[in-house]
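Shown below: target-v4.tsv, with TSV, C-alpha atoms and all ligand atoms.
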```
chain	number	residue	atom	x	y	z
N	1	MET	CA	174.01	172.88	113.30
N	2	LEU	CA	171.11	171.33	115.19
N	3	THR	CA	171.53	167.58	114.69
N	4	ILE	CA	169.18	164.81	115.83
N	5	HIS	CA	171.08	161.62	116.54
N	6	HIS	CA	168.37	159.18	115.58
N	7	LEU	CA	168.55	155.62	116.85
N	8	ALA	CA	166.48	153.39	114.55
N	9	ASN	CA	162.88	152.84	115.74
N	10	SER	CA	163.20	154.96	118.85
N	11	GLN	CA	161.77	157.96	120.66
N	12	SER	CA	163.85	160.35	118.55
N	13	GLU	CA	160.95	160.19	116.07
N	14	ARG	CA	159.26	162.68	118.39
N	15	ILE	CA	162.03	165.20	117.86
N	16	ILE	CA	162.11	164.71	114.09
N	17	TRP	CA	158.35	165.32	114.07
N	18	LEU	CA	158.83	168.47	116.20
N	19	CYS	CA	161.47	169.84	113.80
N	20	GLU	CA	159.18	169.13	110.83
N	21	GLU	CA	156.23	170.89	112.52
N	22	LEU	CA	158.50	173.89	113.13
N	23	GLU	CA	159.97	173.63	109.60
N	24	LEU	CA	163.50	173.99	110.97
N	25	ASP	CA	166.80	173.62	109.21
N	26	TYR	CA	168.35	170.60	110.94
N	27	ALA	CA	170.27	167.42	110.26
N	28	ILE	CA	169.56	163.79	111.13
N	29	ARG	CA	172.31	161.28	111.77
N	30	ARG	CA	170.97	157.74	111.88
N	31	TYR	CA	172.34	154.88	113.98
N	32	GLU	CA	171.33	151.22	113.76
N	33	ARG	CA	170.72	149.29	116.97
N	34	ARG	CA	173.27	146.67	118.06
N	35	ALA	CA	172.35	143.25	116.69
N	36	ASP	CA	173.23	141.44	119.95
N	37	ASN	CA	171.04	143.39	122.42
N	38	GLN	CA	169.10	146.09	120.47
N	39	MET	CA	170.84	148.85	122.45
N	40	ALA	CA	172.45	151.95	120.94
N	41	PRO	CA	175.91	151.41	119.36
N	42	PRO	CA	179.11	152.73	121.01
N	43	ASP	CA	179.40	155.85	118.81
N	44	PHE	CA	175.87	156.84	119.88
N	45	LYS	CA	176.64	156.13	123.58
N	46	ALA	CA	179.72	158.39	123.30
N	47	LEU	CA	177.60	161.47	122.50
N	48	HIS	CA	176.26	162.03	126.04
N	49	PRO	CA	176.90	160.38	129.45
N	50	LEU	CA	173.31	159.03	129.52
N	51	GLY	CA	173.64	157.49	126.05
N	52	ILE	CA	169.92	157.23	125.20
N	53	SER	CA	167.82	158.25	122.22
N	54	PRO	CA	166.92	160.96	121.46
N	55	THR	CA	170.18	162.84	121.76
N	56	ILE	CA	170.72	166.13	119.97
N	57	THR	CA	173.85	168.15	119.42
N	58	ASP	CA	173.82	171.88	118.72
N	59	GLY	CA	177.31	173.39	118.51
N	60	GLU	CA	179.08	172.33	121.71
N	61	LEU	CA	175.87	171.20	123.38
N	62	ALA	CA	174.81	167.54	123.65
N	63	LEU	CA	171.39	166.95	125.22
N	64	CYS	CA	169.25	163.89	126.11
N	65	GLU	CA	165.62	163.46	127.32
N	66	SER	CA	162.76	164.08	124.89
N	67	GLY	CA	161.04	166.66	127.08
N	68	ALA	CA	164.17	168.71	127.69
N	69	ILE	CA	165.12	168.52	124.01
N	70	ALA	CA	161.61	169.54	122.90
N	71	GLU	CA	161.55	172.55	125.22
N	72	TYR	CA	165.11	173.52	124.22
N	73	ILE	CA	164.36	173.40	120.48
N	74	VAL	CA	161.12	175.36	120.79
N	75	ALA	CA	162.80	178.04	122.93
N	76	THR	CA	166.05	178.37	120.98
N	77	HIS	CA	165.10	177.55	117.38
N	78	GLY	CA	161.30	177.75	117.24
N	79	GLN	CA	160.52	181.24	118.57
N	80	GLY	CA	158.36	179.62	121.24
N	81	ARG	CA	155.96	178.05	118.72
N	82	LEU	CA	154.13	174.91	120.00
N	83	ALA	CA	154.67	176.03	123.61
N	84	VAL	CA	151.60	177.24	125.53
N	85	ALA	CA	151.86	180.44	127.56
N	86	PRO	CA	150.57	180.64	131.17
N	87	ASP	CA	147.79	183.04	130.12
N	88	HIS	CA	146.41	180.60	127.53
N	89	PRO	CA	143.10	178.93	128.56
N	90	HIS	CA	144.60	175.46	127.89
N	91	TYR	CA	147.92	176.12	129.65
N	92	VAL	CA	147.39	173.75	132.60
N	93	GLN	CA	145.89	171.04	130.38
N	94	HIS	CA	148.93	171.29	128.10
N	95	LEU	CA	151.34	171.22	131.06
N	96	PHE	CA	149.66	168.15	132.52
N	97	TRP	CA	149.82	166.07	129.33
N	98	PHE	CA	153.33	167.24	128.44
N	99	HIS	CA	154.60	165.78	131.74
N	100	CYS	CA	152.22	162.84	132.05
N	101	ALA	CA	153.51	161.48	128.72
N	102	ASN	CA	156.95	160.51	130.02
N	103	ALA	CA	156.59	160.63	133.79
N	104	THR	CA	153.57	158.33	134.08
N	105	LEU	CA	152.50	156.86	130.71
N	106	ALA	CA	155.89	156.02	129.16
N	107	GLY	CA	157.22	155.19	132.66
N	108	ASN	CA	154.37	152.69	133.06
N	109	MET	CA	155.19	151.11	129.70
N	110	LEU	CA	158.90	150.86	130.54
N	111	ALA	CA	158.10	149.18	133.88
N	112	ARG	CA	155.85	146.66	132.07
N	113	MET	CA	158.64	145.92	129.61
N	114	VAL	CA	161.15	145.34	132.41
N	115	LEU	CA	158.71	143.04	134.25
N	116	ALA	CA	158.04	141.13	131.02
N	117	ILE	CA	161.79	140.48	130.65
N	118	GLY	CA	161.65	138.95	134.13
N	119	GLY	CA	158.82	136.48	133.41
N	120	GLY	CA	155.72	138.21	132.15
N	121	THR	CA	152.99	136.63	134.28
N	122	MET	CA	150.24	138.73	135.88
N	123	ASN	CA	151.19	139.55	139.45
N	124	ALA	CA	150.66	142.37	141.95
N	125	SER	CA	153.19	144.60	140.17
N	126	THR	CA	151.68	144.21	136.72
N	127	ALA	CA	148.15	144.60	138.17
N	128	PHE	CA	149.22	147.89	139.75
N	129	LEU	CA	150.67	149.12	136.46
N	130	GLU	CA	147.64	147.96	134.47
N	131	GLU	CA	145.21	149.75	136.77
N	132	ARG	CA	147.20	152.99	136.49
N	133	LYS	CA	147.49	152.67	132.71
N	134	GLN	CA	143.72	152.17	132.39
N	135	ARG	CA	143.11	155.29	134.47
N	136	ILE	CA	145.37	157.34	132.20
N	137	LEU	CA	143.75	155.95	129.06
N	138	ALA	CA	140.28	156.83	130.39
N	139	MET	CA	141.53	160.39	130.97
N	140	VAL	CA	143.08	160.49	127.49
N	141	GLU	CA	139.78	159.43	125.96
N	142	ARG	CA	137.82	162.06	127.91
N	143	GLN	CA	140.34	164.76	126.98
N	144	LEU	CA	140.23	163.96	123.27
N	145	ALA	CA	136.43	163.94	123.34
N	146	GLU	CA	136.66	167.57	124.51
N	147	THR	CA	139.59	169.00	122.52
N	148	HIS	CA	141.16	168.01	119.20
N	149	PHE	CA	144.67	167.98	120.65
N	150	PHE	CA	146.22	167.60	124.11
N	151	GLY	CA	146.92	171.31	124.40
N	152	GLY	CA	143.59	172.50	122.98
N	153	ASP	CA	142.72	173.31	119.35
N	154	ASN	CA	146.22	173.08	117.87
N	155	VAL	CA	149.22	170.76	118.02
N	156	THR	CA	151.49	171.68	120.94
N	157	LEU	CA	154.45	170.15	122.74
N	158	ALA	CA	152.00	168.01	124.71
N	159	ASP	CA	151.14	166.18	121.46
N	160	ILE	CA	154.81	165.84	120.55
N	161	MET	CA	155.22	163.96	123.85
N	162	MET	CA	151.95	161.98	123.96
N	163	VAL	CA	151.72	160.57	120.42
N	164	LEU	CA	154.58	158.09	120.68
N	165	PRO	CA	153.42	156.14	123.77
N	166	LEU	CA	149.83	156.20	122.49
N	167	SER	CA	150.93	154.89	119.07
N	168	HIS	CA	152.72	151.99	120.76
N	169	LEU	CA	149.66	151.13	122.85
N	170	HIS	CA	147.45	151.38	119.74
N	171	ALA	CA	149.77	148.98	117.86
N	172	LEU	CA	149.51	146.50	120.76
N	173	ALA	CA	145.70	146.74	121.11
N	174	LYS	CA	144.11	143.57	119.77
N	175	ASP	CA	140.63	144.85	118.87
N	176	GLY	CA	141.59	148.08	117.08
N	177	TRP	CA	141.18	149.84	120.44
N	178	SER	CA	137.39	149.89	120.25
N	179	GLY	CA	137.27	151.29	123.79
N	180	GLN	CA	139.30	154.37	122.77
N	181	PRO	CA	137.47	155.78	119.70
N	182	HIS	CA	138.50	159.41	120.28
N	183	THR	CA	142.10	158.35	120.83
N	184	VAL	CA	142.11	156.38	117.58
N	185	ALA	CA	140.57	159.33	115.70
N	186	TYR	CA	143.24	161.58	117.23
N	187	LEU	CA	146.06	159.30	116.05
N	188	GLU	CA	144.51	159.33	112.57
N	189	ARG	CA	144.42	163.15	112.64
N	190	ILE	CA	148.09	163.21	113.57
N	191	ALA	CA	149.00	160.66	110.88
N	192	ALA	CA	147.32	162.86	108.25
N	193	ARG	CA	149.56	165.82	109.04
N	194	PRO	CA	152.20	166.53	106.35
N	195	ALA	CA	154.85	167.20	109.03
N	196	TRP	CA	154.15	163.80	110.61
N	197	GLN	CA	154.41	162.08	107.23
N	198	ARG	CA	157.69	163.83	106.41
N	199	ALA	CA	159.03	162.86	109.85
N	200	ARG	CA	158.07	159.20	109.39
N	201	ALA	CA	159.73	159.11	105.97
N	202	LYS	CA	162.93	160.64	107.36
N	203	ALA	CA	162.98	158.52	110.53
N	204	GLU	CA	162.47	155.15	108.87
N	205	PRO	CA	163.14	155.54	105.13
N	206	GLY	CA	162.05	152.55	103.06
N	301	LIG	N1	163.03	159.25	129.00
N	301	LIG	C1	163.84	159.13	127.81
N	301	LIG	C2	163.81	157.67	127.36
N	301	LIG	C3	164.78	157.41	126.23
N	301	LIG	C4	164.94	155.92	125.91
N	301	LIG	O1	164.68	155.03	126.73
N	301	LIG	N2	165.40	155.64	124.68
N	301	LIG	C5	165.60	154.29	124.23
N	301	LIG	C6	165.01	154.13	122.82
N	301	LIG	S1	163.31	154.40	122.70
N	301	LIG	C7	167.08	154.00	124.05
N	301	LIG	O2	167.88	154.91	123.88
N	301	LIG	N3	167.44	152.71	124.00
N	301	LIG	C8	168.75	152.27	123.61
N	301	LIG	C9	169.75	152.20	124.72
N	301	LIG	O3	169.39	152.41	125.90
N	301	LIG	O4	170.91	151.92	124.41
N	301	LIG	C10	163.36	160.11	126.75
N	301	LIG	O5	162.15	160.40	126.69
N	301	LIG	O6	164.17	160.63	125.97
```

Step by step, read the file and then write its structure as structure tokens.
Amino acid sequence: MLTIHHLANSQSERIIWLCEELELDYAIRRYERRADNQMAPPDFKALHPLGISPTITDGELALCESGAIAEYIVATHGQGRLAVAPDHPHYVQHLFWFHCANATLAGNMLARMVLAIGGGTMNASTAFLEERKQRILAMVERQLAETHFFGGDNVTLADIMMVLPLSHLHALAKDGWSGQPHTVAYLERIAARPAWQRARAKAEPG
């Protein structure tokens, strides 16, 4: 059976949300983070050589990486729903945001986190990352002024990938993100979706 190995408060929420949007029959196995360093526990690390969340298992298969997992589930369990075909008018837009989410936006946030562990003061590295993040956020805001979702008029895999990093940035924004009104409205639209609400309840019950 398709099983999401869900590390508490982690990116596997994306995959739970995807499975709820697709209304799939699947299982969740939850793991708490290690108290000493907040990493995944040994039984989670044993699932796959990379040992990061999300990890899914499906029969003999164990797979990591949100983007690979999302594409796998849509292709093998979701009859291609939430993917965008090359002949769709929003295909390239969808493709761009699907990849930008992890490759540039989440990568930027991870680099900031690593630099913060090493001291946290503003320097050339953090200035570089900040400038790139601001450019992405300006693009996000322009995109969401034009279309309701990252792949056009409906939720697609691009949203499955983009919502998590944007939600983290929203939570960190001190002024309610007044400079990103369309982005905030987008996150509210997502939060109102029944599939999102079911996913949140399953990911972090109580
Ligand atoms: N690029 C990966 C990133 C996965 C990742 O960094 N997961 C974190 C949680 S959000 C994790 O597993 N941390 C615990 C650990 O490394 O032990 C993806 O999108 O799946």

If you count only C-alpha atoms, the residue of N:Ala8, N:Ala75, N:Leu82, N:Leu63 closest to N:Gly151 turns out to be N:Leu82

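Of note, atom CA of N:Ala191 and atom O1 of ligand LIG 301 (chain N) are spaced 23.0 Å apart.
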
Counting all atoms listed in the file, the residue among N:Phe149, N:Tyr186, N:Trp97, N:Trp196 that lies closest to N:Ile16 is N:Trp196

> What do you get as an MDAnalysis selection string if you pick all residues at most 10 Å from ligand LIG 301 (chain N), counting all atoms listed in the file?
Replying inline: chainID N and resid 6:15 33:34 37:42 44:45 50:55 63:70 101:103 106:107 110 161 164

(request) Please provide the set of residues having any atom within 10 Å of N:Pro86, restricted to all atoms listed in the file, with same-chain residues fewer than 6 positions apart removed, written as a list in words. (result) Val92, His94 and Leu95 of chain N

Practice item. Would you list the contacts of N:Gly59 as a list of chain:residue names, taking every protein, DNA or RNA residue within 10 Å and counting only C-alpha atoms, but skipping same-chain residues closer than 5 positions in sequence? Key: N:Met1, N:Leu2, N:Thr3

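Picture a line from atom CA of N:Gln143 to atom CA of N:Trp177; it runs 16.3 Å.
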
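For the pair atom CA of N:Ile136 and atom CA of N:Ser167, the separation is 14.5 Å.
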
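Compared by their closest atoms to N:Tyr26, and using all atoms listed in the file, the residues N:Pro181, N:Pro205, N:Pro49, N:Gly78 rank with N:Gly78 nearest.
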
Let me have the centre and edge lengths in Å, one decimal, of the box along x, y and z around every listed atom of stretch 161-167 of chain N with 5 Å of margin on each side, as AutoDock Vina command-line options.
```
--center_x 152.5 --center_y 159.4 --center_z 121.5 --size_x 15.4 --size_y 19.1 --size_z 14.9
```

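Closest approach to N:Val163 among N:Leu18, N:Leu47, N:Val84, N:Leu115: N:Leu18, based on all atoms listed in the file.
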
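Considering the residues N:Ala127, N:Ala111, N:Val155, N:Val184 and counting all atoms listed in the file, N:Leu22 has its shortest atom-to-atom contact with N:Val155.
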
Residue with the minimum atom-to-atom distance to N:Glu21, picked from N:His5, N:Arg142, N:Arg81, N:Arg112 with only C-alpha atoms counted, is N:Arg81

Query - Spatial neighbours of N:Glu20, 8 Å, all atoms listed in the file, chain gap at least 5 places, as a ChimeraX atom specification - result: /N:195-196,198-199

Reconstruct N, CA, C and O atoms of stretch 142-159 of chain N from the incomplete input and present them as a PDB file, in the frame of the given file.
```pdb
ATOM      1  N   ARG N 142     138.684 160.917 127.539  1.00  0.00           N
ATOM      2  CA  ARG N 142     137.820 162.060 127.910  1.00  0.00           C
ATOM      3  C   ARG N 142     138.381 163.363 127.366  1.00  0.00           C
ATOM      4  O   ARG N 142     137.657 164.203 126.862  1.00  0.00           O
ATOM      5  N   GLN N 143     139.712 163.516 127.472  1.00  0.00           N
ATOM      6  CA  GLN N 143     140.340 164.760 126.980  1.00  0.00           C
ATOM      7  C   GLN N 143     140.100 164.946 125.491  1.00  0.00           C
ATOM      8  O   GLN N 143     139.734 166.023 125.019  1.00  0.00           O
ATOM      9  N   LEU N 144     140.312 163.842 124.730  1.00  0.00           N
ATOM     10  CA  LEU N 144     140.230 163.960 123.270  1.00  0.00           C
ATOM     11  C   LEU N 144     138.776 163.995 122.781  1.00  0.00           C
ATOM     12  O   LEU N 144     138.523 164.322 121.618  1.00  0.00           O
ATOM     13  N   ALA N 145     137.839 163.698 123.674  1.00  0.00           N
ATOM     14  CA  ALA N 145     136.430 163.940 123.340  1.00  0.00           C
ATOM     15  C   ALA N 145     136.118 165.430 123.456  1.00  0.00           C
ATOM     16  O   ALA N 145     135.190 165.934 122.824  1.00  0.00           O
ATOM     17  N   GLU N 146     136.910 166.132 124.263  1.00  0.00           N
ATOM     18  CA  GLU N 146     136.660 167.570 124.510  1.00  0.00           C
ATOM     19  C   GLU N 146     137.459 168.472 123.589  1.00  0.00           C
ATOM     20  O   GLU N 146     136.965 169.502 123.141  1.00  0.00           O
ATOM     21  N   THR N 147     138.739 168.135 123.362  1.00  0.00           N
ATOM     22  CA  THR N 147     139.590 169.000 122.520  1.00  0.00           C
ATOM     23  C   THR N 147     140.266 168.138 121.454  1.00  0.00           C
ATOM     24  O   THR N 147     140.539 166.959 121.678  1.00  0.00           O
ATOM     25  N   HIS N 148     140.552 168.749 120.308  1.00  0.00           N
ATOM     26  CA  HIS N 148     141.160 168.010 119.200  1.00  0.00           C
ATOM     27  C   HIS N 148     142.558 167.526 119.532  1.00  0.00           C
ATOM     28  O   HIS N 148     142.998 166.495 119.051  1.00  0.00           O
ATOM     29  N   PHE N 149     143.278 168.310 120.334  1.00  0.00           N
ATOM     30  CA  PHE N 149     144.670 167.980 120.650  1.00  0.00           C
ATOM     31  C   PHE N 149     144.870 168.095 122.163  1.00  0.00           C
ATOM     32  O   PHE N 149     144.020 168.627 122.876  1.00  0.00           O
ATOM     33  N   PHE N 150     146.035 167.623 122.652  1.00  0.00           N
ATOM     34  CA  PHE N 150     146.220 167.600 124.110  1.00  0.00           C
ATOM     35  C   PHE N 150     146.375 168.995 124.705  1.00  0.00           C
ATOM     36  O   PHE N 150     146.090 169.188 125.883  1.00  0.00           O
ATOM     37  N   GLY N 151     146.802 169.954 123.878  1.00  0.00           N
ATOM     38  CA  GLY N 151     146.920 171.310 124.400  1.00  0.00           C
ATOM     39  C   GLY N 151     145.823 172.222 123.894  1.00  0.00           C
ATOM     40  O   GLY N 151     145.994 173.440 123.902  1.00  0.00           O
ATOM     41  N   GLY N 152     144.711 171.667 123.439  1.00  0.00           N
ATOM     42  CA  GLY N 152     143.590 172.500 122.980  1.00  0.00           C
ATOM     43  C   GLY N 152     143.284 172.284 121.507  1.00  0.00           C
ATOM     44  O   GLY N 152     143.166 171.146 121.041  1.00  0.00           O
ATOM     45  N   ASP N 153     143.190 173.382 120.744  1.00  0.00           N
ATOM     46  CA  ASP N 153     142.720 173.310 119.350  1.00  0.00           C
ATOM     47  C   ASP N 153     143.851 173.082 118.347  1.00  0.00           C
ATOM     48  O   ASP N 153     143.583 172.861 117.160  1.00  0.00           O
ATOM     49  N   ASN N 154     145.082 173.198 118.797  1.00  0.00           N
ATOM     50  CA  ASN N 154     146.220 173.080 117.870  1.00  0.00           C
ATOM     51  C   ASN N 154     147.256 172.119 118.451  1.00  0.00           C
ATOM     52  O   ASN N 154     147.287 171.877 119.658  1.00  0.00           O
ATOM     53  N   VAL N 155     148.119 171.615 117.563  1.00  0.00           N
ATOM     54  CA  VAL N 155     149.220 170.760 118.020  1.00  0.00           C
ATOM     55  C   VAL N 155     150.163 171.599 118.894  1.00  0.00           C
ATOM     56  O   VAL N 155     150.506 172.726 118.544  1.00  0.00           O
ATOM     57  N   THR N 156     150.535 171.033 120.037  1.00  0.00           N
ATOM     58  CA  THR N 156     151.490 171.680 120.940  1.00  0.00           C
ATOM     59  C   THR N 156     152.538 170.650 121.371  1.00  0.00           C
ATOM     60  O   THR N 156     152.468 169.475 120.968  1.00  0.00           O
ATOM     61  N   LEU N 157     153.432 171.072 122.228  1.00  0.00           N
ATOM     62  CA  LEU N 157     154.450 170.150 122.740  1.00  0.00           C
ATOM     63  C   LEU N 157     153.842 168.964 123.478  1.00  0.00           C
ATOM     64  O   LEU N 157     154.446 167.896 123.543  1.00  0.00           O
ATOM     65  N   ALA N 158     152.655 169.138 124.023  1.00  0.00           N
ATOM     66  CA  ALA N 158     152.000 168.010 124.710  1.00  0.00           C
ATOM     67  C   ALA N 158     151.736 166.883 123.717  1.00  0.00           C
ATOM     68  O   ALA N 158     151.885 165.691 124.053  1.00  0.00           O
ATOM     69  N   ASP N 159     151.359 167.216 122.480  1.00  0.00           N
ATOM     70  CA  ASP N 159     151.140 166.180 121.460  1.00  0.00           C
ATOM     71  C   ASP N 159     152.467 165.544 121.055  1.00  0.00           C
ATOM     72  O   ASP N 159     152.546 164.318 120.878  1.00  0.00           O
TER      73      ASP N 159
END
```
